[in-house]
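Participant: Let me begin by handing over the structure; questions about it come next.
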Amino acid sequence: MKLAILGGGGFRVPLVYGALLGDRGAGRVTRVVLYDLDAGRLSAIARVLAEQAAGAADAPEVTVTTDLDDALRGADFVFSAIRVGGLEGRAADERIALEEGVLGQETVGAGGIAYGLRTVPVAVGIARRVAAVAPDAWVINFTNPAGLVTEAMSHHLGDRVIGICDSPVGLGRRVARALGAEPDRAGIDYVGLNHLGWLRGLYVGGRDQLPRLLGDSAALGSFEEGRLFGVDWLRSLGAVPNEYLHYYYFNREAVAAERAAKQTRGAFLRDQQSGFYETVARGGGPALEAWERTRAEREATYMAENREAAGVGERAEDDLEPGGYERVALALMRAIARDERATLILNVRNRTALSALDADAVVEVPCLVDANGAHPVAAAPLTGHAAGLVCAVKAVEREILAAADSGSREAAVKAFALHPLVDSVGVARRLLTAYAGAHPGLAYLRR
């Protein structure tokens, strides 16, 4: 099988290739094509992959290209992990939002809206090329904001585009370990949107063990989310939120911590990864070793400002367990290509899974996956504030899609103004003006 990786010069591509190296049996990926607009980054990642493959039997063949149609032609699967505007764009998103006193995180709040506005048109262009050049391919989308981008691509690819994220998988594994359960044998009741979901139950042997966890302070405070949100708040919710909900539940603290930090997360990653690519370009030792050192630092500093705001210090070693979205991607490909039925938490069109949203809204829920794709499992209704928050954020996503489709500046302002973490129409207008001035990719929005 052929796998095309869009954003093939991206830093996390070696994780996907590493997962492919461990895959055996019929229907495995034998050809990987890396596509990127940056030939230098492509060359660096190709070196890392070559070192990964050294000594591995039947390693998938790797080629690189800067031609999108060449990458797509004949592909069985397309993995999309592009970053429109690069990390420089992310750093600008964060800085501009913080100057207005609001959150600039890349998928949440003002930063996520700015990123979505410049990413959706590009993602739609890719979807159209897939439909024209590789109509039988399955697209696995990891491009952020993942739920929004998946929904935009689904307008052209239908159910053949599926969004993935490693956050729900990591949350489920941490909760299972806290309960002393085997993560791979636990069933998870998780529901919401991408980066806006809640684990409402964890089933072992058919019994929900979450109430036992909520009643055990030591166990509840033993993993990342317990420390981040605090045991009392988790008990109040009766659920364990996705880590990104910290930006909603502790917004003022998160914004204060980010404003006090030496640099934003995007600026840190920009500088860190620039160092990696420069090291590889000048031949500064084994590329794989340089990549592994950089990745270890990246993982250890993930959501550092949130932990600072919560006063919980550095990430625990158990929370640094490797393997996330690449395992989800591999499991998804195996289920479709080999009809190996699996249950995975994915971003798919809602159908009737969540009663609060329409059929075409992309949601993040458990799905049964087989050769015919991903089928969302019906979920118990969201209640109270969770239902309100999901509906509010989905309304924002719809305004982003409308702006991207029509070029309407008015729709873009509405997207900012309606978001729960942007509290002013005036702020919304200033944000859009600043973002449009910083990003050439927003020139399509009419004045």
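Residue numbering restarts at 1 for every chain of the structure tokens, chains are lettered A, B, ... in their displayed order, and ligands are numbered from 1 as they appear.
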Write down as a count of residues only the residues of region 246-401 of chain A whose backbone DSSP state falls under helix (DSSP H, G or I).
Facilitator: 88
Participant: Please determine, counting only C-alpha atoms, which residue among A:Glu106, A:Thr150, A:Gly7, A:Ala114 has the shortest atom-to-atom distance to Gly437 (chain A).
Facilitator: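 Smallest separation from Gly437 (chain A) among the options: A:Ala114.
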Participant: Would you mind listing, for every residue of region 197-315 of chain A within 7 Å of region 37-48 of chain A, the two atoms forming the shortest contact and the distance between them in Å to one decimal, using only C-alpha atoms, sorted by chain and ascending residue number, as JSON lines?
Facilitator:
{"residue": "A:Tyr277", "atom": "CA", "partner": "A:Ala44", "partner_atom": "CA", "distance": 6.4}
{"residue": "A:Val280", "atom": "CA", "partner": "A:Ala44", "partner_atom": "CA", "distance": 5.9}
{"residue": "A:Ala281", "atom": "CA", "partner": "A:Ala44", "partner_atom": "CA", "distance": 6.5}
{"residue": "A:Ala287", "atom": "CA", "partner": "A:Val48", "partner_atom": "CA", "distance": 5.2}
{"residue": "A:Leu288", "atom": "CA", "partner": "A:Val48", "partner_atom": "CA", "distance": 4.8}
Participant: Please produce an output containing N, CA, C and O atoms for each residue in the selection, written as a CSV table (one decimal), in the first residue's frame.
Facilitator:
chain,number,residue,atom,x,y,z
A,277,TYR,N,16.5,21.4,12.6
A,277,TYR,CA,16.6,21.3,11.2
A,277,TYR,C,18.0,21.9,10.7
A,277,TYR,O,18.6,21.4,9.8
A,280,VAL,N,20.7,19.2,11.4
A,280,VAL,CA,20.7,18.1,10.4
A,280,VAL,C,21.2,18.6,9.1
A,280,VAL,O,22.0,18.0,8.4
A,281,ALA,N,20.9,19.9,8.7
A,281,ALA,CA,21.3,20.4,7.4
A,281,ALA,C,22.8,20.5,7.3
A,281,ALA,O,23.4,20.3,6.2
A,287,ALA,N,21.2,12.2,12.5
A,287,ALA,CA,19.9,12.9,12.5
A,287,ALA,C,18.9,12.3,13.5
A,287,ALA,O,18.2,13.1,14.1
A,288,LEU,N,18.9,11.0,13.6
A,288,LEU,CA,17.9,10.4,14.5
A,288,LEU,C,18.2,10.8,15.9
A,288,LEU,O,17.2,11.0,16.7
Participant: Between A:Glu99, A:Leu330, A:Ala132, A:Gly22, which residue has the minimum interatomic distance to Leu3 (chain A), considering only C-alpha atoms?
Facilitator: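 Among A:Glu99, A:Leu330, A:Ala132, A:Gly22, it is A:Leu330 that comes nearest to Leu3 (chain A).
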